[in-house]
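Shown next: coords_0.tsv, given as TSV, C-alpha atoms and all ligand atoms.
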```
chain	number	residue	atom	x	y	z
J	4	MET	CA	0.00	0.00	0.00
J	5	ASN	CA	1.20	3.47	-0.89
J	6	ILE	CA	0.78	6.36	1.49
J	7	HIS	CA	1.02	10.07	0.76
J	8	GLU	CA	4.02	12.30	1.38
J	9	TYR	CA	2.27	14.17	4.19
J	10	GLN	CA	1.47	10.88	5.93
J	11	ALA	CA	5.00	9.52	5.53
J	12	LYS	CA	6.34	12.82	6.86
J	13	GLU	CA	4.23	12.45	9.99
J	14	ILE	CA	5.69	8.99	10.59
J	15	PHE	CA	9.24	10.22	9.91
J	16	ARG	CA	8.72	13.18	12.27
J	17	SER	CA	7.48	10.84	15.00
J	18	VAL	CA	10.88	9.08	15.06
J	19	GLY	CA	12.70	12.43	15.16
J	20	ILE	CA	13.70	13.10	11.55
J	21	PRO	CA	13.98	16.88	10.98
J	22	ILE	CA	11.25	17.90	8.55
J	23	PRO	CA	9.76	21.38	8.04
J	24	PRO	CA	6.15	21.69	9.29
J	25	GLY	CA	3.32	21.36	6.79
J	26	GLU	CA	-0.44	21.24	6.42
J	27	VAL	CA	-2.74	19.70	3.86
J	28	ALA	CA	-5.32	21.62	1.81
J	29	SER	CA	-8.01	20.39	-0.54
J	30	THR	CA	-9.01	23.82	-1.80
J	31	ALA	CA	-7.04	26.83	-3.04
J	32	GLU	CA	-8.55	28.97	-0.23
J	33	GLU	CA	-7.25	26.58	2.41
J	34	ALA	CA	-3.83	26.63	0.77
J	35	GLU	CA	-3.81	30.43	0.92
J	36	GLN	CA	-4.70	30.42	4.63
J	37	ILE	CA	-1.97	27.91	5.46
J	38	ALA	CA	0.56	29.96	3.48
J	39	ARG	CA	-0.48	33.09	5.39
J	40	LYS	CA	-0.08	31.28	8.69
J	41	PHE	CA	3.46	30.11	7.84
J	42	GLY	CA	4.46	33.44	6.29
J	43	GLY	CA	7.29	33.82	3.75
J	44	THR	CA	7.79	31.57	0.76
J	45	VAL	CA	6.00	28.21	0.82
J	46	VAL	CA	6.10	25.10	-1.35
J	47	VAL	CA	2.79	23.76	-2.69
J	48	LYS	CA	3.06	20.02	-3.36
J	49	ALA	CA	0.60	17.65	-5.08
J	50	GLN	CA	-0.29	14.66	-2.87
J	51	VAL	CA	-0.50	11.71	-5.25
J	52	HIS	CA	0.96	8.21	-5.11
J	53	SER	CA	3.66	8.92	-7.65
J	54	GLY	CA	7.21	10.18	-7.81
J	55	GLY	CA	8.39	12.78	-10.30
J	56	ARG	CA	5.81	15.32	-9.18
J	57	GLY	CA	8.41	18.08	-9.49
J	58	LYS	CA	9.00	17.34	-13.19
J	59	ALA	CA	5.25	17.10	-13.82
J	60	GLY	CA	4.68	20.60	-12.38
J	61	GLY	CA	3.19	19.33	-9.13
J	62	VAL	CA	5.73	21.02	-6.83
J	63	LYS	CA	5.90	24.83	-6.94
J	64	LEU	CA	7.26	27.66	-4.81
J	65	ALA	CA	4.88	30.48	-3.85
J	66	LYS	CA	6.22	33.79	-2.54
J	67	THR	CA	2.91	35.16	-1.23
J	68	PRO	CA	-0.37	33.68	0.09
J	69	ALA	CA	-2.11	34.93	-3.06
J	70	GLU	CA	0.41	33.12	-5.21
J	71	ALA	CA	-0.05	29.97	-3.09
J	72	ARG	CA	-3.76	30.17	-3.81
J	73	GLU	CA	-3.21	30.55	-7.55
J	74	ILE	CA	-0.70	27.69	-7.70
J	75	ALA	CA	-2.85	25.41	-5.51
J	76	SER	CA	-5.86	25.95	-7.77
J	77	LYS	CA	-3.78	24.84	-10.77
J	78	ILE	CA	-2.20	21.83	-9.03
J	79	LEU	CA	-5.55	20.71	-7.56
J	80	GLY	CA	-6.95	20.34	-11.07
J	81	MET	CA	-4.02	18.33	-12.39
J	82	ARG	CA	-3.57	14.65	-13.08
J	83	ILE	CA	-0.08	13.27	-12.47
J	84	LYS	CA	0.65	9.89	-14.07
J	85	ASP	CA	-3.11	9.59	-14.51
J	86	LEU	CA	-3.79	10.18	-10.80
J	87	PRO	CA	-6.09	13.07	-9.88
J	88	VAL	CA	-4.62	15.56	-7.40
J	89	LEU	CA	-7.19	16.01	-4.62
J	90	LYS	CA	-4.90	17.43	-1.93
J	91	VAL	CA	-1.83	19.63	-1.70
J	92	LEU	CA	0.72	19.91	1.08
J	93	VAL	CA	1.71	23.48	1.95
J	94	THR	CA	5.06	23.77	3.70
J	95	PRO	CA	7.53	26.60	4.37
J	96	ALA	CA	10.22	26.58	1.66
J	97	ALA	CA	13.71	25.62	2.75
J	98	ASP	CA	16.83	27.16	1.22
J	99	ILE	CA	18.78	24.37	-0.43
J	100	ALA	CA	22.59	24.09	-0.59
J	101	THR	CA	22.86	20.40	-1.60
J	102	GLU	CA	20.43	17.57	-2.39
J	103	ALA	CA	21.15	13.95	-1.43
J	104	TYR	CA	19.19	10.69	-1.56
J	105	ALA	CA	18.52	8.28	1.30
J	106	GLY	CA	16.37	5.17	1.04
J	107	ILE	CA	15.76	1.69	2.39
J	108	ILE	CA	14.21	-1.11	0.35
J	109	VAL	CA	13.61	-4.80	0.91
J	110	ASP	CA	16.07	-6.56	-1.35
J	111	ARG	CA	14.87	-9.97	-2.49
J	112	ALA	CA	18.33	-11.19	-3.50
J	113	SER	CA	19.98	-10.61	-0.11
J	114	LYS	CA	16.66	-11.11	1.77
J	115	ARG	CA	17.44	-8.03	3.81
J	116	ALA	CA	16.57	-4.41	4.19
J	117	VAL	CA	19.18	-2.53	2.17
J	118	PHE	CA	20.13	1.12	2.55
J	119	MET	CA	20.84	3.09	-0.59
J	120	VAL	CA	22.38	6.51	-0.15
J	121	SER	CA	23.75	8.95	-2.67
J	122	PRO	CA	25.08	12.50	-2.58
J	123	ALA	CA	23.47	12.92	-6.03
J	124	GLY	CA	19.88	13.43	-4.85
J	125	GLY	CA	16.83	15.32	-6.00
J	126	ILE	CA	16.60	13.25	-9.18
J	127	ASP	CA	15.39	9.65	-9.67
J	128	ILE	CA	17.74	7.18	-8.01
J	129	GLU	CA	17.27	4.92	-11.06
J	130	GLU	CA	18.89	7.66	-13.15
J	131	VAL	CA	21.84	7.90	-10.76
J	132	ALA	CA	22.18	4.11	-10.78
J	133	ALA	CA	22.26	4.07	-14.58
J	134	SER	CA	24.61	7.01	-15.22
J	135	THR	CA	26.86	7.23	-12.11
J	136	PRO	CA	26.54	3.98	-10.14
J	137	ASP	CA	29.69	4.80	-8.09
J	138	LYS	CA	27.71	7.63	-6.50
J	139	ILE	CA	25.46	5.12	-4.73
J	140	MET	CA	26.40	3.29	-1.57
J	141	LYS	CA	24.40	0.17	-0.68
J	142	LEU	CA	24.41	-1.35	2.76
J	143	PRO	CA	22.42	-4.46	3.74
J	144	VAL	CA	21.19	-4.47	7.34
J	145	ASP	CA	21.50	-7.55	9.51
J	146	PRO	CA	17.98	-7.93	10.95
J	147	ARG	CA	19.40	-9.32	14.22
J	148	TYR	CA	21.29	-6.14	15.06
J	149	GLY	CA	19.64	-3.39	13.05
J	150	VAL	CA	21.77	-0.58	11.64
J	151	GLN	CA	24.94	-0.20	13.71
J	152	PRO	CA	26.35	3.22	14.65
J	153	PHE	CA	29.56	2.64	12.65
J	154	GLU	CA	27.52	1.67	9.59
J	155	ALA	CA	25.36	4.76	9.91
J	156	MET	CA	28.52	6.90	10.19
J	157	ARG	CA	30.04	5.27	7.08
J	158	MET	CA	26.94	6.25	5.15
J	159	GLY	CA	26.99	9.72	6.72
J	160	PHE	CA	30.54	10.26	5.46
J	161	PHE	CA	29.61	8.91	2.03
J	162	LEU	CA	27.08	11.75	1.84
J	163	TYR	CA	28.98	14.60	3.52
J	164	ASP	CA	32.62	15.57	4.21
J	165	ASP	CA	31.61	17.79	7.10
J	166	VAL	CA	31.65	15.84	10.38
J	167	LYS	CA	28.60	17.60	11.82
J	168	GLN	CA	26.57	16.91	8.69
J	169	ALA	CA	27.79	13.29	8.53
J	170	ARG	CA	26.68	12.82	12.14
J	171	ALA	CA	23.32	14.44	11.45
J	172	ALA	CA	22.84	12.17	8.42
J	173	ALA	CA	23.85	9.08	10.44
J	174	LYS	CA	21.19	9.92	13.01
J	175	ILE	CA	18.53	10.48	10.32
J	176	LEU	CA	19.40	7.16	8.63
J	177	THR	CA	19.07	5.32	11.94
J	178	GLN	CA	15.70	6.98	12.53
J	179	LEU	CA	14.63	6.12	8.97
J	180	TYR	CA	15.41	2.46	9.67
J	181	GLN	CA	13.32	2.66	12.84
J	182	ALA	CA	10.34	4.09	10.90
J	183	PHE	CA	10.82	1.45	8.19
J	184	GLN	CA	10.85	-1.41	10.74
J	185	GLU	CA	8.02	-0.15	12.91
J	186	SER	CA	5.70	0.45	9.95
J	187	GLY	CA	6.30	-2.85	8.17
J	188	ALA	CA	7.48	-0.91	5.12
J	189	SER	CA	8.92	-2.39	1.95
J	190	LEU	CA	10.32	1.03	1.02
J	191	ALA	CA	11.15	4.22	2.92
J	192	GLU	CA	12.76	7.10	1.09
J	193	ILE	CA	13.93	10.68	1.55
J	194	ASN	CA	14.64	12.42	-1.75
J	195	PRO	CA	15.88	15.07	-1.41
J	196	LEU	CA	17.68	15.01	1.91
J	197	VAL	CA	19.05	18.55	1.78
J	198	THR	CA	21.61	20.69	3.50
J	199	THR	CA	20.67	24.32	4.05
J	200	PRO	CA	23.12	27.21	3.60
J	201	ALA	CA	23.26	27.30	7.44
J	202	GLY	CA	24.51	23.69	7.41
J	203	GLU	CA	21.41	21.89	8.73
J	204	VAL	CA	20.44	18.49	7.28
J	205	VAL	CA	16.69	18.32	6.59
J	206	ALA	CA	14.29	15.93	4.82
J	207	LEU	CA	12.16	17.73	2.21
J	208	ASP	CA	10.32	14.76	0.72
J	209	ALA	CA	9.11	11.47	2.18
J	210	LYS	CA	7.90	8.30	0.57
J	211	MET	CA	6.85	5.03	2.11
J	212	VAL	CA	5.30	1.82	0.77
J	213	VAL	CA	3.89	-0.59	3.33
J	214	ASP	CA	3.67	-4.32	2.70
J	215	ASP	CA	-0.07	-5.20	2.43
J	216	ASN	CA	0.54	-8.29	4.56
J	217	GLU	CA	1.60	-6.07	7.48
J	218	LEU	CA	-1.67	-4.13	7.58
J	219	GLY	CA	-3.65	-6.72	9.54
J	220	ARG	CA	-1.55	-6.05	12.61
J	221	ARG	CA	-1.01	-2.31	12.08
J	222	ALA	CA	-4.42	-0.68	12.23
J	223	GLU	CA	-2.87	2.81	12.49
J	224	ILE	CA	-1.09	2.33	9.15
J	225	ASP	CA	-4.09	0.68	7.47
J	226	ALA	CA	-6.06	3.81	8.44
J	227	LEU	CA	-3.80	5.86	6.14
J	228	ARG	CA	-5.21	4.16	3.07
J	229	ASP	CA	-6.55	6.57	0.45
J	230	GLU	CA	-9.21	4.76	-1.57
J	231	SER	CA	-9.60	7.68	-3.97
J	232	ALA	CA	-6.09	6.86	-5.19
J	233	GLU	CA	-6.80	3.20	-5.96
J	234	ALA	CA	-8.49	1.41	-8.88
J	235	PRO	CA	-12.20	1.02	-7.86
J	236	SER	CA	-12.17	-2.67	-8.82
J	237	GLU	CA	-9.23	-3.32	-6.48
J	238	VAL	CA	-11.04	-1.55	-3.63
J	239	ASP	CA	-14.16	-3.73	-4.21
J	240	ALA	CA	-12.05	-6.87	-4.32
J	241	ARG	CA	-10.25	-6.06	-1.10
J	242	LYS	CA	-13.56	-5.48	0.70
J	243	ALA	CA	-14.87	-8.84	-0.54
J	244	ASN	CA	-11.66	-10.57	0.60
J	245	LEU	CA	-10.64	-11.52	-2.91
J	246	THR	CA	-7.09	-11.38	-4.20
J	247	PHE	CA	-7.43	-9.35	-7.37
J	248	ILE	CA	-4.98	-7.67	-9.70
J	249	LYS	CA	-6.18	-5.92	-12.81
J	250	LEU	CA	-4.30	-6.67	-16.04
J	251	ASP	CA	-4.66	-5.45	-19.62
J	252	GLY	CA	-6.08	-8.49	-21.47
J	253	ASN	CA	-9.64	-9.51	-22.33
J	254	VAL	CA	-10.13	-12.96	-20.74
J	255	GLY	CA	-11.62	-12.45	-17.28
J	256	CYS	CA	-10.38	-15.24	-15.01
J	257	ILE	CA	-12.06	-16.41	-11.81
J	258	VAL	CA	-10.08	-19.14	-10.13
J	259	ASN	CA	-9.67	-20.69	-6.68
J	260	GLY	CA	-6.15	-20.83	-5.31
J	261	ALA	CA	-3.18	-18.68	-6.28
J	262	GLY	CA	-1.29	-21.57	-7.89
J	263	LEU	CA	-4.21	-22.55	-10.10
J	264	ALA	CA	-4.75	-18.87	-10.93
J	265	MET	CA	-1.14	-18.58	-12.12
J	266	ALA	CA	-1.41	-21.82	-14.11
J	267	THR	CA	-4.66	-20.57	-15.68
J	268	MET	CA	-3.05	-17.29	-16.73
J	269	ASP	CA	-0.12	-19.20	-18.24
J	270	LEU	CA	-2.51	-21.40	-20.19
J	271	VAL	CA	-4.53	-18.40	-21.43
J	272	LYS	CA	-1.29	-16.96	-22.81
J	273	TYR	CA	-0.23	-20.35	-24.21
J	274	TYR	CA	-3.42	-20.48	-26.28
J	275	GLY	CA	-2.85	-16.96	-27.59
J	276	GLY	CA	-5.03	-14.98	-25.21
J	277	GLU	CA	-4.36	-12.29	-22.63
J	278	PRO	CA	-5.76	-12.47	-19.10
J	279	ALA	CA	-7.75	-9.41	-17.97
J	280	ASN	CA	-6.90	-10.05	-14.35
J	281	PHE	CA	-5.60	-12.29	-11.64
J	282	LEU	CA	-8.44	-13.24	-9.31
J	283	ASP	CA	-8.26	-15.80	-6.54
J	284	ILE	CA	-11.58	-16.42	-4.77
J	285	GLY	CA	-9.68	-18.37	-2.12
J	286	GLY	CA	-10.22	-21.78	-0.64
J	287	SER	CA	-13.46	-21.29	1.22
J	288	SER	CA	-16.94	-22.19	0.06
J	289	ASN	CA	-18.93	-19.03	-0.26
J	290	PRO	CA	-21.41	-18.23	-3.06
J	291	GLU	CA	-21.23	-14.53	-2.05
J	292	LYS	CA	-17.57	-14.39	-3.06
J	293	VAL	CA	-18.49	-15.66	-6.53
J	294	VAL	CA	-21.15	-12.95	-6.82
J	295	HIS	CA	-18.59	-10.27	-5.91
J	296	ALA	CA	-15.98	-11.75	-8.23
J	297	LEU	CA	-18.36	-11.77	-11.20
J	298	ARG	CA	-19.43	-8.21	-10.50
J	299	ILE	CA	-15.83	-7.00	-10.46
J	300	ILE	CA	-14.90	-8.88	-13.63
J	301	THR	CA	-17.97	-7.79	-15.58
J	302	SER	CA	-17.43	-4.13	-14.70
J	303	ASP	CA	-14.21	-4.19	-16.76
J	304	PRO	CA	-15.19	-3.12	-20.31
J	305	ASN	CA	-12.12	-4.91	-21.73
J	306	VAL	CA	-13.42	-8.33	-20.70
J	307	LYS	CA	-14.76	-10.19	-23.75
J	308	ALA	CA	-15.13	-13.64	-22.19
J	309	ILE	CA	-15.19	-15.01	-18.65
J	310	LEU	CA	-13.39	-18.15	-17.61
J	311	PHE	CA	-14.20	-19.97	-14.37
J	312	ASN	CA	-11.59	-22.50	-13.39
J	313	ILE	CA	-12.39	-24.21	-10.11
J	314	PHE	CA	-10.70	-27.15	-8.51
J	315	GLY	CA	-12.93	-28.38	-5.70
J	316	GLY	CA	-11.05	-29.42	-2.59
J	317	ILE	CA	-12.18	-27.48	0.43
J	318	THR	CA	-14.04	-25.31	-2.07
J	319	ARG	CA	-17.33	-27.00	-2.89
J	320	THR	CA	-18.03	-26.73	-6.58
J	321	ASP	CA	-21.82	-26.69	-5.92
J	322	ASP	CA	-21.33	-23.49	-3.89
J	323	VAL	CA	-19.50	-21.96	-6.84
J	324	ALA	CA	-22.28	-23.11	-9.19
J	325	ASN	CA	-24.90	-21.51	-6.92
J	326	GLY	CA	-22.84	-18.33	-6.86
J	327	ILE	CA	-22.73	-18.22	-10.66
J	328	VAL	CA	-26.51	-18.74	-10.91
J	329	THR	CA	-27.26	-16.05	-8.30
J	330	ALA	CA	-24.84	-13.54	-9.77
J	331	THR	CA	-26.05	-13.94	-13.34
J	332	ARG	CA	-29.67	-13.66	-12.22
J	333	GLN	CA	-28.89	-10.36	-10.50
J	334	ASN	CA	-26.78	-9.06	-13.39
J	335	PRO	CA	-27.33	-10.88	-16.68
J	336	LEU	CA	-24.01	-11.40	-18.47
J	337	ARG	CA	-23.19	-9.42	-21.60
J	338	VAL	CA	-20.20	-11.63	-22.50
J	339	PRO	CA	-19.87	-15.41	-22.93
J	340	ILE	CA	-18.82	-17.51	-19.96
J	341	VAL	CA	-16.86	-20.76	-19.90
J	342	ILE	CA	-17.04	-22.85	-16.75
J	343	ARG	CA	-14.62	-25.59	-15.85
J	344	LEU	CA	-15.00	-27.30	-12.53
J	345	THR	CA	-13.90	-30.57	-11.07
J	346	GLY	CA	-13.65	-32.08	-7.60
J	347	THR	CA	-15.84	-31.86	-4.48
J	348	ASN	CA	-19.58	-32.15	-5.31
J	349	GLU	CA	-18.91	-31.96	-9.03
J	350	GLU	CA	-22.05	-33.93	-10.02
J	351	ILE	CA	-24.29	-31.59	-8.01
J	352	ALA	CA	-22.57	-28.53	-9.48
J	353	VAL	CA	-22.99	-29.74	-13.05
J	354	LYS	CA	-26.65	-30.43	-12.39
J	355	ILE	CA	-27.26	-26.95	-10.94
J	356	LEU	CA	-25.50	-25.31	-13.87
J	357	GLU	CA	-27.28	-27.37	-16.54
J	358	GLU	CA	-30.68	-26.74	-14.99
J	359	ASN	CA	-29.92	-23.04	-15.34
J	360	GLY	CA	-28.78	-23.17	-18.93
J	361	PHE	CA	-25.00	-23.30	-18.46
J	362	THR	CA	-22.62	-25.96	-19.64
J	363	ALA	CA	-19.75	-27.13	-17.50
J	364	LEU	CA	-16.48	-28.57	-18.70
J	365	THR	CA	-14.02	-30.66	-16.73
J	366	ASP	CA	-10.96	-30.41	-18.98
J	367	MET	CA	-8.82	-27.33	-18.27
J	368	ASP	CA	-7.14	-27.12	-21.70
J	369	GLU	CA	-10.46	-27.34	-23.47
J	370	ALA	CA	-12.00	-24.66	-21.26
J	371	VAL	CA	-9.11	-22.20	-21.63
J	372	GLN	CA	-8.96	-22.69	-25.41
J	373	LYS	CA	-12.67	-22.05	-25.67
J	374	ALA	CA	-12.50	-18.89	-23.54
J	375	VAL	CA	-9.62	-17.52	-25.61
J	376	GLN	CA	-11.50	-18.25	-28.84
J	377	LEU	CA	-14.59	-16.46	-27.57
J	378	ALA	CA	-12.59	-13.45	-26.36
J	379	THR	CA	-10.66	-13.02	-29.60
J	380	GLY	CA	-13.52	-13.89	-31.96
J	381	GLY	CA	-11.68	-17.05	-33.03
J	382	LYS	CA	-8.53	-15.22	-34.14
J	383	ALA	CA	-6.10	-16.62	-31.57
J	384	ALA	CA	-7.12	-20.27	-31.84
J	401	LIG	P1	9.09	14.67	-6.35
J	401	LIG	O1	9.48	15.32	-7.62
J	401	LIG	O2	7.76	14.01	-6.47
J	401	LIG	O3	10.12	13.72	-5.83
J	401	LIG	O4	8.89	15.84	-5.24
J	401	LIG	P2	9.95	16.52	-4.23
J	401	LIG	O5	9.29	16.74	-2.96
J	401	LIG	O6	11.18	15.71	-4.16
J	401	LIG	O7	10.25	17.92	-4.88
J	401	LIG	C1	10.90	18.05	-6.12
J	401	LIG	C2	11.96	19.13	-6.06
J	401	LIG	O8	11.38	20.36	-5.66
J	401	LIG	C3	13.04	18.86	-5.04
J	401	LIG	O9	14.05	18.02	-5.53
J	401	LIG	C4	13.55	20.26	-4.79
J	401	LIG	O10	14.51	20.61	-5.76
J	401	LIG	C5	12.32	21.12	-4.97
J	401	LIG	N1	11.83	21.48	-3.61
J	401	LIG	C6	11.04	20.75	-2.80
J	401	LIG	N2	10.88	21.36	-1.60
J	401	LIG	C7	11.60	22.51	-1.66
J	401	LIG	C8	11.87	23.59	-0.74
J	401	LIG	O11	11.42	23.61	0.41
J	401	LIG	N3	12.65	24.60	-1.17
J	401	LIG	C9	13.20	24.63	-2.43
J	401	LIG	N4	13.96	25.63	-2.77
J	401	LIG	N5	12.97	23.64	-3.32
J	401	LIG	C10	12.20	22.59	-2.96
J	402	MN	MN	11.28	13.58	-4.19
```

Go ahead and render the structure in this file as structure tokens.
Amino acid sequence: MNIHEYQAKEIFRSVGIPIPPGEVASTAEEAEQIARKFGGTVVVKAQVHSGGRGKAGGVKLAKTPAEAREIASKILGMRIKDLPVLKVLVTPAADIATEAYAGIIVDRASKRAVFMVSPAGGIDIEEVAASTPDKIMKLPVDPRYGVQPFEAMRMGFFLYDDVKQARAAAKILTQLYQAFQESGASLAEINPLVTTPAGEVVALDAKMVVDDNELGRRAEIDALRDESAEAPSEVDARKANLTFIKLDGNVGCIVNGAGLAMATMDLVKYYGGEPANFLDIGGSSNPEKVVHALRIITSDPNVKAILFNIFGGITRTDDVANGIVTATRQNPLRVPIVIRLTGTNEEIAVKILEENGFTALTDMDEAVQKAVQLATGGKAA
């Protein structure tokens, strides 16, 4: 789950990282009032789940409250990387001497949290990695000990020659690790970490991504979710306890079990089709889940055919069949459906489906091929 800059800044502040104050506005008038309260030059910053806001025109300096109002009204109407800007953060502008980068990510290869720091900040770290990789220092953290003071100092000196600044950076990096750990983050980033002409080290941007699997035990982080920034179908799916990821193809897939869902997607591709989604209705028997799943799939205008692929173990195939009947009664389908089911209560399921005008297949290859044919109008077969 992504959170906004202003939310990540609150978390970073709570562990002691020096960050200028800031307040969020959803109208230009509010932005003007906040700017007046702070006095002096402020920065107006789009709050969207995307980097590169600066380049897109979503981060602007305003010298007066009136200018803050004017800029906020422009930024609040923008879309950045297709995301609507509904809020801006208004914060007193800092004077910048240098811009550095500091981040922590979970690295799959080393199975550890890895620090990445660079004195070349302000721009995308991917750009630095591509053009001047020697300007990045990487440091994996041993989860048993956390970041050690000598490690933090090494990174501090990689960023700054000045001892005071290196010490300040070392402290900030240690605090960043604390925030990262305590929030169950998969990424925590400060870009830019700046020095001011007076020599202070300050974080001007904050980004954090939290692992979805951590949210169950971190209600305070889950509460930061912004549903207006998510695909509506993914919000629906989460509420119905379905694992759903939207993709770009036209074969809507409803499957039980993540492994079978992956295998189904592979087979759709093998027969020349493109899956419209990954959807796992899970292992439980629950006709309601099928109703939700069908509603989510059918609301995608790209879907040209629907493929059910159910292997009945704990899942009872008759429950799935009842779900299909109920869902299609509520919302008649506008695209063809192919149903393959096998396993627990298969005979009952087939009977329910046939009585309601559906046909059920048992062979997976046959079902996938048929769904691909229907979705592509026979072209991919
Ligand atoms: P991003 O583009 O989405 O990463 O947004 P940032 O918050 O990193 O802002 C982009 C750039 O705006 C920064 O790299 C800075 O150069 C500039 N910027 C942000 N805050 C300030 C500030 O307080 N003062 C000044 N002078 N520039 C700022
Ligand atoms: Mn940034």

Residues within 7 Å of ligand LIG 401 (chain J), counting all atoms listed in the file: report them as a ChimeraX atom specification. /J:46,53-58,62,95-99,125-126,194-195,207-208

Using all atoms listed in the file, which of J:Phe15, J:Tyr9, J:Tyr148, J:Tyr104 sits nearest ligand MN 402 (chain J)? J:Tyr104

Please return as a PyMOL selection string every residue within 12 Å of (-1.1, -4.2, -9.9), taking into account only C-alpha atoms and the file's own coordinates. chain J and resi 4+233-234+236-237+246-251+279-282

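Atom pair CA of Gly19 (chain J) / CA of Ala209 (chain J): separated by 13.5 Å.
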
Counting all atoms listed in the file, which residue out of J:Gly276, J:Ala172, J:Asp165, J:Val371 sits closest to Val258 (chain J)? J:Val371

Set the distance at 10 Å and use only C-alpha atoms: which residues neighbour region 355-361 of chain J once local chain neighbours fewer than 4 positions away are removed? I'd like the list as a PyMOL selection string. chain J and resi 321-325+327-328+332+340-342+349-351

Taking (-6.8, -22.5, -20.0) as a centre in this file's frame and 12 Å as the limit, can you find every polymer residue with an atom that close, using only C-alpha atoms, and give them as an MDAnalysis selection string? chainID J and resid 254:258 263:278 309:313 341:343 364:376

Excluding Ile175 (chain J) and residues on its chain fewer than 6 positions from it, collect all residues at most 10 Å away from it, counting only C-alpha atoms, and give them as a CSV table (one decimal) with C-alpha atoms, in the coordinates of the input.
```csv
chain,number,residue,atom,x,y,z
J,15,PHE,CA,9.2,10.2,9.9
J,18,VAL,CA,10.9,9.1,15.1
J,19,GLY,CA,12.7,12.4,15.2
J,20,ILE,CA,13.7,13.1,11.6
J,21,PRO,CA,14.0,16.9,11.0
J,105,ALA,CA,18.5,8.3,1.3
J,155,ALA,CA,25.4,4.8,9.9
J,159,GLY,CA,27.0,9.7,6.7
J,169,ALA,CA,27.8,13.3,8.5
J,181,GLN,CA,13.3,2.7,12.8
J,193,ILE,CA,13.9,10.7,1.6
J,196,LEU,CA,17.7,15.0,1.9
J,204,VAL,CA,20.4,18.5,7.3
J,205,VAL,CA,16.7,18.3,6.6
J,206,ALA,CA,14.3,15.9,4.8
```

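Of the listed residues (J:Leu344, J:Ile107, J:Ala191, J:Val294), J:Val294 comes nearest to Thr329 (chain J); the distances count all atoms listed in the file.
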
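The smallest atom-to-atom distance between ligand MN 402 (chain J) and any of J:Gly202, J:Met211, J:Lys174, J:Asp137, using all atoms listed in the file, is found for J:Met211.
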
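Between CA of Asn305 (chain J) and CA of Thr362 (chain J) the interatomic distance comes to 23.6 Å.
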
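Taking CA of Glu154 (chain J) as the reference point, CA of Thr199 (chain J) is found at 24.3 Å.
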
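Minimum atom-to-atom distances from J:Leu142, J:Leu162, J:Ala38, J:Val197 to ligand MN 402 (chain J) were compared using all atoms listed in the file, and the lowest value belongs to J:Val197.
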